[in-house]
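Quick look at entry.pdb (PDB, C-alpha atoms, pLDDT in the B column):
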ATOM      1  CA  MET A1129       3.687 -14.466  26.615  1.00 55.00           C
ATOM      2  CA  ARG A1130       3.048 -11.635  29.134  1.00 58.00           C
ATOM      3  CA  ILE A1131       0.047 -10.441  27.150  1.00 63.00           C
ATOM      4  CA  ALA A1132      -1.334  -8.327  29.993  1.00 63.00           C
ATOM      5  CA  ALA A1133       1.934  -6.406  30.382  1.00 66.00           C
ATOM      6  CA  VAL A1134       2.588  -5.906  26.659  1.00 68.00           C
ATOM      7  CA  PRO A1135      -0.648  -6.231  24.622  1.00 84.00           C
ATOM      8  CA  THR A1136       1.062  -5.929  21.242  1.00 87.00           C
ATOM      9  CA  MET A1137       1.950  -8.767  18.926  1.00 88.00           C
ATOM     10  CA  GLN A1138       3.903  -8.998  15.708  1.00 90.00           C
ATOM     11  CA  ILE A1139       2.719 -11.198  12.869  1.00 90.00           C
ATOM     12  CA  VAL A1140       5.319 -12.279  10.325  1.00 89.00           C
ATOM     13  CA  VAL A1141       3.847 -13.184   6.921  1.00 88.00           C
ATOM     14  CA  TYR A1142       5.987 -14.833   4.259  1.00 85.00           C
ATOM     15  CA  LEU A1143       5.058 -13.742   0.754  1.00 83.00           C
ATOM     16  CA  ALA A1144       5.234 -15.865  -2.398  1.00 79.00           C
ATOM     17  CA  ASN A1145       8.489 -14.121  -3.435  1.00 81.00           C
ATOM     18  CA  GLU A1146      10.101 -15.240  -0.096  1.00 79.00           C
ATOM     19  CA  GLU A1147       9.939 -11.692   1.277  1.00 85.00           C
ATOM     20  CA  GLN A1148       8.784 -11.213   4.864  1.00 87.00           C
ATOM     21  CA  GLN A1149       6.342  -8.586   6.034  1.00 89.00           C
ATOM     22  CA  ILE A1150       5.895  -7.842   9.714  1.00 89.00           C
ATOM     23  CA  LYS A1151       2.696  -6.242  10.990  1.00 90.00           C
ATOM     24  CA  THR A1152       2.158  -5.027  14.551  1.00 91.00           C
ATOM     25  CA  THR A1153      -1.242  -5.677  16.100  1.00 91.00           C
ATOM     26  CA  THR A1154      -2.912  -5.055  19.450  1.00 91.00           C
ATOM     27  CA  ILE A1155      -4.302  -8.026  21.359  1.00 90.00           C
ATOM     28  CA  LYS A1156      -7.912  -7.316  22.305  1.00 90.00           C
ATOM     29  CA  SER A1157      -9.038 -10.654  23.742  1.00 89.00           C
ATOM     30  CA  VAL A1158      -7.612 -14.001  24.843  1.00 88.00           C
ATOM     31  CA  LYS A1159      -9.462 -17.320  24.970  1.00 91.00           C
ATOM     32  CA  ILE A1160      -8.269 -20.796  25.911  1.00 91.00           C
ATOM     33  CA  GLN A1161     -10.507 -23.608  24.757  1.00 92.00           C
ATOM     34  CA  ALA A1162      -9.603 -27.300  24.841  1.00 94.00           C
ATOM     35  CA  GLY A1163      -5.955 -26.379  25.416  1.00 91.00           C
ATOM     36  CA  VAL A1164      -5.815 -24.066  22.383  1.00 91.00           C
ATOM     37  CA  LEU A1165      -4.904 -20.406  22.844  1.00 87.00           C
ATOM     38  CA  GLN A1166      -6.937 -18.072  20.625  1.00 90.00           C
ATOM     39  CA  LEU A1167      -6.190 -14.369  20.305  1.00 88.00           C
ATOM     40  CA  LEU A1168      -8.334 -11.593  18.878  1.00 90.00           C
ATOM     41  CA  ALA A1169      -6.021  -8.907  17.505  1.00 90.00           C
ATOM     42  CA  ALA A1170      -6.650  -5.586  15.751  1.00 92.00           C
ATOM     43  CA  GLY A1171      -4.330  -3.871  13.312  1.00 91.00           C
ATOM     44  CA  GLU A1172      -3.589  -3.310   9.657  1.00 89.00           C
ATOM     45  CA  PRO A1173      -4.800  -6.030   7.274  1.00 88.00           C
ATOM     46  CA  LEU A1174      -2.256  -8.775   6.664  1.00 85.00           C
ATOM     47  CA  PRO A1175      -0.909  -9.398   3.180  1.00 81.00           C
ATOM     48  CA  LYS A1176      -2.561 -12.279   1.357  1.00 76.00           C
ATOM     49  CA  HIS A1177      -0.966 -15.590   2.292  1.00 66.00           C
ATOM     50  CA  GLU A1178      -0.929 -18.243  -0.404  1.00 67.00           C
ATOM     51  CA  ASN A1179      -1.816 -21.729   0.835  1.00 68.00           C
ATOM     52  CA  ASN A1180       1.338 -23.194  -0.567  1.00 65.00           C
ATOM     53  CA  SER A1181       3.169 -26.063   1.127  1.00 66.00           C
ATOM     54  CA  SER A1182       6.569 -24.492   0.402  1.00 73.00           C
ATOM     55  CA  GLN A1183       5.539 -21.145   1.924  1.00 76.00           C
ATOM     56  CA  PRO A1184       5.752 -20.980   5.745  1.00 83.00           C
ATOM     57  CA  LYS A1185       2.554 -20.190   7.637  1.00 83.00           C
ATOM     58  CA  PRO A1186       2.322 -16.781   9.327  1.00 86.00           C
ATOM     59  CA  LEU A1187       4.082 -16.571  12.686  1.00 87.00           C
ATOM     60  CA  ALA A1188       2.742 -14.535  15.627  1.00 87.00           C
ATOM     61  CA  LEU A1189       4.961 -13.481  18.518  1.00 85.00           C
ATOM     62  CA  THR A1190       5.119 -10.933  21.285  1.00 82.00           C
ATOM     63  CA  SER A1191       8.111  -8.700  21.867  1.00 73.00           C
ATOM     64  CA  VAL A1192       8.817 -10.423  25.187  1.00 73.00           C
ATOM     65  CA  ALA A1193       8.408 -13.965  23.809  1.00 71.00           C
ATOM     66  CA  LEU A1194      11.789 -13.879  22.114  1.00 68.00           C
ATOM     67  CA  GLU A1195      14.935 -12.482  23.586  1.00 67.00           C
ATOM     68  CA  TRP A1196      17.426 -11.404  20.961  1.00 64.00           C
ATOM     69  CA  VAL A1197      20.991 -12.298  21.826  1.00 69.00           C
ATOM     70  CA  GLN A1198      23.820  -9.871  21.235  1.00 71.00           C
ATOM     71  CA  LEU A1199      26.160 -11.308  18.625  1.00 71.00           C
ATOM     72  CA  SER A1200      29.773 -11.808  19.624  1.00 77.00           C
ATOM     73  CA  ALA A1201      32.732 -13.635  18.169  1.00 79.00           C
ATOM     74  CA  VAL A1202      33.399 -17.052  19.724  1.00 79.00           C
ATOM     75  CA  SER A1203      36.245 -19.339  18.799  1.00 82.00           C
ATOM     76  CA  ILE A1204      35.664 -23.032  18.128  1.00 83.00           C
ATOM     77  CA  GLN A1205      37.910 -23.824  21.097  1.00 84.00           C
ATOM     78  CA  GLU A1206      35.616 -21.773  23.391  1.00 82.00           C
ATOM     79  CA  LEU A1207      32.556 -23.636  22.089  1.00 76.00           C
ATOM     80  CA  TYR A1208      33.980 -27.007  23.123  1.00 81.00           C
ATOM     81  CA  GLN A1209      34.939 -26.005  26.660  1.00 74.00           C
TER      82      GLN A1209
END
Go ahead and express the file in the form of C-alpha cells.
Amino acid sequence: MRIAAVPTMQIVVYLANEEQQIKTTTIKSVKIQAGVLQLLAAGEPLPKHENNSSQPKPLALTSVALEWVQLSAVSIQELYQ
C-alpha cells in the first residue's frame, strides 16, 4: 500500500440511495495483529452507513493501491490476438 510514502487514504461509502461519497483521510498509525491490518485514520466524519445486506460496505484504498488505466478503443479482433 506504500503507506509510509503516501499517508493518505480514501474511504468510499455507499449511501442508501446508491450514491457514493469519497472522504480523504490521513493514516496516523498501522498495526498488524494475527494477520489483520488495522489502520488509525483521521479526517472528516464518514456519512452514516446503513447495515443493509444490499448496500456495499465502505471501501478504503490508497492512491497508489489502484492504477487507473487510460481508456482506449480496442477492436474485438485485437482482443483475441
Residue IDs satisfying the PyMOL selection byres ((chain A and resi 1142) around 8), as a ChimeraX atom specification
/A:1140-1141,1143-1144,1146-1149,1177,1183-1186
Could you jot down the CA of Leu1174 in chain A to CA of Lys1151 in chain A separation for me, Å, one decimal place?
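It comes out at 7.0 Å.
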What is the distance between CA of Ala1188 in chain A and CA of Thr1152 in chain A, in Å to one decimal?
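Atom-to-atom, CA of Ala1188 in chain A and CA of Thr1152 in chain A are spaced 9.6 Å apart.
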As a check of understanding, name the residues that the PyMOL selection byres ((chain A and resi 1172) around 12) selects in the supplied structure, as a compact mmCIF listing (two decimals) with C-alpha atoms, in the coordinates of the input.
# COMPACT_ATOMS: atom_id res chain seq x y z
CA GLN A 1138 3.90 -9.00 15.71
CA ILE A 1139 2.72 -11.20 12.87
CA GLN A 1149 6.34 -8.59 6.03
CA ILE A 1150 5.90 -7.84 9.71
CA LYS A 1151 2.70 -6.24 10.99
CA THR A 1152 2.16 -5.03 14.55
CA THR A 1153 -1.24 -5.68 16.10
CA THR A 1154 -2.91 -5.06 19.45
CA ALA A 1169 -6.02 -8.91 17.50
CA ALA A 1170 -6.65 -5.59 15.75
CA GLY A 1171 -4.33 -3.87 13.31
CA PRO A 1173 -4.80 -6.03 7.27
CA LEU A 1174 -2.26 -8.78 6.66
CA PRO A 1175 -0.91 -9.40 3.18
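Using only C-alpha atoms, the shortest contact distance between Lys1156 in chain A and any of A:Leu1207, A:Met1137, A:Leu1189, A:Leu1168 is found at A:Leu1168.
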With all atoms of range 1142-1146 of chain A from the file as input, state the centre and edge lengths in Å to one decimal of the axis-aligned box that has 8 Å extra on each side, as AutoDock Vina command-line options.
--center_x 7.6 --center_y -14.8 --center_z 0.4 --size_x 21.0 --size_y 18.1 --size_z 23.7
In Å, rounded to a single decimal, give me how far CA of Lys1159 in chain A is from CA of Ser1191 in chain A.
19.8 Å
Carefully work through the PyMOL selection byres ((chain A and resi 1167) around 6) for this structure and note down the residues it includes, as a PDB file with C-alpha atoms, in the frame of the given file.
ATOM      1  CA  SER A1157      -9.038 -10.654  23.742  1.00 89.00           C
ATOM      2  CA  VAL A1158      -7.612 -14.001  24.843  1.00 88.00           C
ATOM      3  CA  GLN A1166      -6.937 -18.072  20.625  1.00 90.00           C
ATOM      4  CA  LEU A1168      -8.334 -11.593  18.878  1.00 90.00           C
TER       5      LEU A1168
END
Reconstructed range 1134-1168 of chain A, atom set N, CA and C atoms, as a PDB file, in the frame of the given file:
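Output (result_35.pdb):
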ATOM      1  N   VAL A1134       2.272  -6.460  27.984  1.00 68.00           N
ATOM      2  CA  VAL A1134       2.588  -5.906  26.659  1.00 68.00           C
ATOM      3  C   VAL A1134       1.547  -6.437  25.679  1.00 68.00           C
ATOM      4  N   PRO A1135       0.446  -5.694  25.445  1.00 84.00           N
ATOM      5  CA  PRO A1135      -0.648  -6.231  24.622  1.00 84.00           C
ATOM      6  C   PRO A1135      -0.432  -6.109  23.110  1.00 84.00           C
ATOM      7  N   THR A1136       0.813  -5.980  22.682  1.00 87.00           N
ATOM      8  CA  THR A1136       1.062  -5.929  21.242  1.00 87.00           C
ATOM      9  C   THR A1136       1.680  -7.240  20.778  1.00 87.00           C
ATOM     10  N   MET A1137       1.466  -7.523  19.511  1.00 88.00           N
ATOM     11  CA  MET A1137       1.950  -8.767  18.926  1.00 88.00           C
ATOM     12  C   MET A1137       2.407  -8.464  17.506  1.00 88.00           C
ATOM     13  N   GLN A1138       3.448  -9.120  17.086  1.00 90.00           N
ATOM     14  CA  GLN A1138       3.903  -8.998  15.708  1.00 90.00           C
ATOM     15  C   GLN A1138       3.509 -10.253  14.954  1.00 90.00           C
ATOM     16  N   ILE A1139       3.052 -10.067  13.723  1.00 90.00           N
ATOM     17  CA  ILE A1139       2.719 -11.198  12.869  1.00 90.00           C
ATOM     18  C   ILE A1139       3.628 -11.133  11.652  1.00 90.00           C
ATOM     19  N   VAL A1140       4.402 -12.192  11.455  1.00 89.00           N
ATOM     20  CA  VAL A1140       5.319 -12.279  10.325  1.00 89.00           C
ATOM     21  C   VAL A1140       4.629 -13.099   9.242  1.00 89.00           C
ATOM     22  N   VAL A1141       4.471 -12.502   8.059  1.00 88.00           N
ATOM     23  CA  VAL A1141       3.847 -13.184   6.921  1.00 88.00           C
ATOM     24  C   VAL A1141       4.902 -13.341   5.842  1.00 88.00           C
ATOM     25  N   TYR A1142       5.037 -14.553   5.331  1.00 85.00           N
ATOM     26  CA  TYR A1142       5.987 -14.833   4.259  1.00 85.00           C
ATOM     27  C   TYR A1142       5.238 -14.770   2.938  1.00 85.00           C
ATOM     28  N   LEU A1143       5.701 -13.921   2.044  1.00 83.00           N
ATOM     29  CA  LEU A1143       5.058 -13.742   0.754  1.00 83.00           C
ATOM     30  C   LEU A1143       5.566 -14.770  -0.250  1.00 83.00           C
ATOM     31  N   ALA A1144       4.880 -14.881  -1.373  1.00 79.00           N
ATOM     32  CA  ALA A1144       5.234 -15.865  -2.398  1.00 79.00           C
ATOM     33  C   ALA A1144       6.650 -15.653  -2.932  1.00 79.00           C
ATOM     34  N   ASN A1145       7.144 -14.405  -2.929  1.00 81.00           N
ATOM     35  CA  ASN A1145       8.489 -14.121  -3.435  1.00 81.00           C
ATOM     36  C   ASN A1145       9.565 -14.277  -2.350  1.00 81.00           C
ATOM     37  N   GLU A1146       9.231 -14.947  -1.238  1.00 79.00           N
ATOM     38  CA  GLU A1146      10.101 -15.240  -0.096  1.00 79.00           C
ATOM     39  C   GLU A1146      10.423 -14.008   0.749  1.00 79.00           C
ATOM     40  N   GLU A1147       9.783 -12.896   0.470  1.00 85.00           N
ATOM     41  CA  GLU A1147       9.939 -11.692   1.277  1.00 85.00           C
ATOM     42  C   GLU A1147       9.089 -11.832   2.532  1.00 85.00           C
ATOM     43  N   GLN A1148       9.548 -11.219   3.614  1.00 87.00           N
ATOM     44  CA  GLN A1148       8.784 -11.213   4.864  1.00 87.00           C
ATOM     45  C   GLN A1148       8.166  -9.841   5.067  1.00 87.00           C
ATOM     46  N   GLN A1149       6.957  -9.828   5.585  1.00 89.00           N
ATOM     47  CA  GLN A1149       6.342  -8.586   6.034  1.00 89.00           C
ATOM     48  C   GLN A1149       5.939  -8.786   7.481  1.00 89.00           C
ATOM     49  N   ILE A1150       6.222  -7.778   8.295  1.00 89.00           N
ATOM     50  CA  ILE A1150       5.895  -7.842   9.714  1.00 89.00           C
ATOM     51  C   ILE A1150       4.872  -6.760  10.021  1.00 89.00           C
ATOM     52  N   LYS A1151       3.764  -7.164  10.605  1.00 90.00           N
ATOM     53  CA  LYS A1151       2.696  -6.242  10.990  1.00 90.00           C
ATOM     54  C   LYS A1151       2.558  -6.270  12.509  1.00 90.00           C
ATOM     55  N   THR A1152       2.374  -5.115  13.108  1.00 91.00           N
ATOM     56  CA  THR A1152       2.158  -5.027  14.551  1.00 91.00           C
ATOM     57  C   THR A1152       0.667  -4.889  14.812  1.00 91.00           C
ATOM     58  N   THR A1153       0.172  -5.684  15.749  1.00 91.00           N
ATOM     59  CA  THR A1153      -1.242  -5.677  16.100  1.00 91.00           C
ATOM     60  C   THR A1153      -1.390  -5.484  17.608  1.00 91.00           C
ATOM     61  N   THR A1154      -2.598  -5.182  18.033  1.00 91.00           N
ATOM     62  CA  THR A1154      -2.912  -5.055  19.450  1.00 91.00           C
ATOM     63  C   THR A1154      -3.844  -6.191  19.840  1.00 91.00           C
ATOM     64  N   ILE A1155      -3.484  -6.911  20.886  1.00 90.00           N
ATOM     65  CA  ILE A1155      -4.302  -8.026  21.359  1.00 90.00           C
ATOM     66  C   ILE A1155      -5.488  -7.458  22.124  1.00 90.00           C
ATOM     67  N   LYS A1156      -6.684  -7.821  21.695  1.00 90.00           N
ATOM     68  CA  LYS A1156      -7.912  -7.316  22.305  1.00 90.00           C
ATOM     69  C   LYS A1156      -8.566  -8.325  23.237  1.00 90.00           C
ATOM     70  N   SER A1157      -8.373  -9.618  22.957  1.00 89.00           N
ATOM     71  CA  SER A1157      -9.038 -10.654  23.742  1.00 89.00           C
ATOM     72  C   SER A1157      -8.231 -11.940  23.681  1.00 89.00           C
ATOM     73  N   VAL A1158      -8.302 -12.715  24.758  1.00 88.00           N
ATOM     74  CA  VAL A1158      -7.612 -14.001  24.843  1.00 88.00           C
ATOM     75  C   VAL A1158      -8.616 -15.054  25.278  1.00 88.00           C
ATOM     76  N   LYS A1159      -8.550 -16.223  24.629  1.00 91.00           N
ATOM     77  CA  LYS A1159      -9.462 -17.320  24.970  1.00 91.00           C
ATOM     78  C   LYS A1159      -8.671 -18.622  24.912  1.00 91.00           C
ATOM     79  N   ILE A1160      -8.858 -19.454  25.922  1.00 91.00           N
ATOM     80  CA  ILE A1160      -8.269 -20.796  25.911  1.00 91.00           C
ATOM     81  C   ILE A1160      -9.417 -21.778  25.910  1.00 91.00           C
ATOM     82  N   GLN A1161      -9.437 -22.620  24.885  1.00 92.00           N
ATOM     83  CA  GLN A1161     -10.507 -23.608  24.757  1.00 92.00           C
ATOM     84  C   GLN A1161      -9.891 -24.927  24.330  1.00 92.00           C
ATOM     85  N   ALA A1162     -10.136 -25.955  25.112  1.00 94.00           N
ATOM     86  CA  ALA A1162      -9.603 -27.300  24.841  1.00 94.00           C
ATOM     87  C   ALA A1162      -8.085 -27.266  24.656  1.00 94.00           C
ATOM     88  N   GLY A1163      -7.409 -26.451  25.466  1.00 91.00           N
ATOM     89  CA  GLY A1163      -5.955 -26.379  25.416  1.00 91.00           C
ATOM     90  C   GLY A1163      -5.394 -25.565  24.261  1.00 91.00           C
ATOM     91  N   VAL A1164      -6.253 -24.879  23.521  1.00 91.00           N
ATOM     92  CA  VAL A1164      -5.815 -24.066  22.383  1.00 91.00           C
ATOM     93  C   VAL A1164      -5.966 -22.594  22.743  1.00 91.00           C
ATOM     94  N   LEU A1165      -4.885 -21.837  22.581  1.00 87.00           N
ATOM     95  CA  LEU A1165      -4.904 -20.406  22.844  1.00 87.00           C
ATOM     96  C   LEU A1165      -5.376 -19.677  21.590  1.00 87.00           C
ATOM     97  N   GLN A1166      -6.418 -18.862  21.743  1.00 90.00           N
ATOM     98  CA  GLN A1166      -6.937 -18.072  20.625  1.00 90.00           C
ATOM     99  C   GLN A1166      -6.836 -16.601  21.009  1.00 90.00           C
ATOM    100  N   LEU A1167      -6.344 -15.798  20.069  1.00 88.00           N
ATOM    101  CA  LEU A1167      -6.190 -14.369  20.305  1.00 88.00           C
ATOM    102  C   LEU A1167      -7.010 -13.590  19.297  1.00 88.00           C
ATOM    103  N   LEU A1168      -7.660 -12.535  19.762  1.00 90.00           N
ATOM    104  CA  LEU A1168      -8.334 -11.593  18.878  1.00 90.00           C
ATOM    105  C   LEU A1168      -7.427 -10.367  18.840  1.00 90.00           C
TER     106      LEU A1168
END
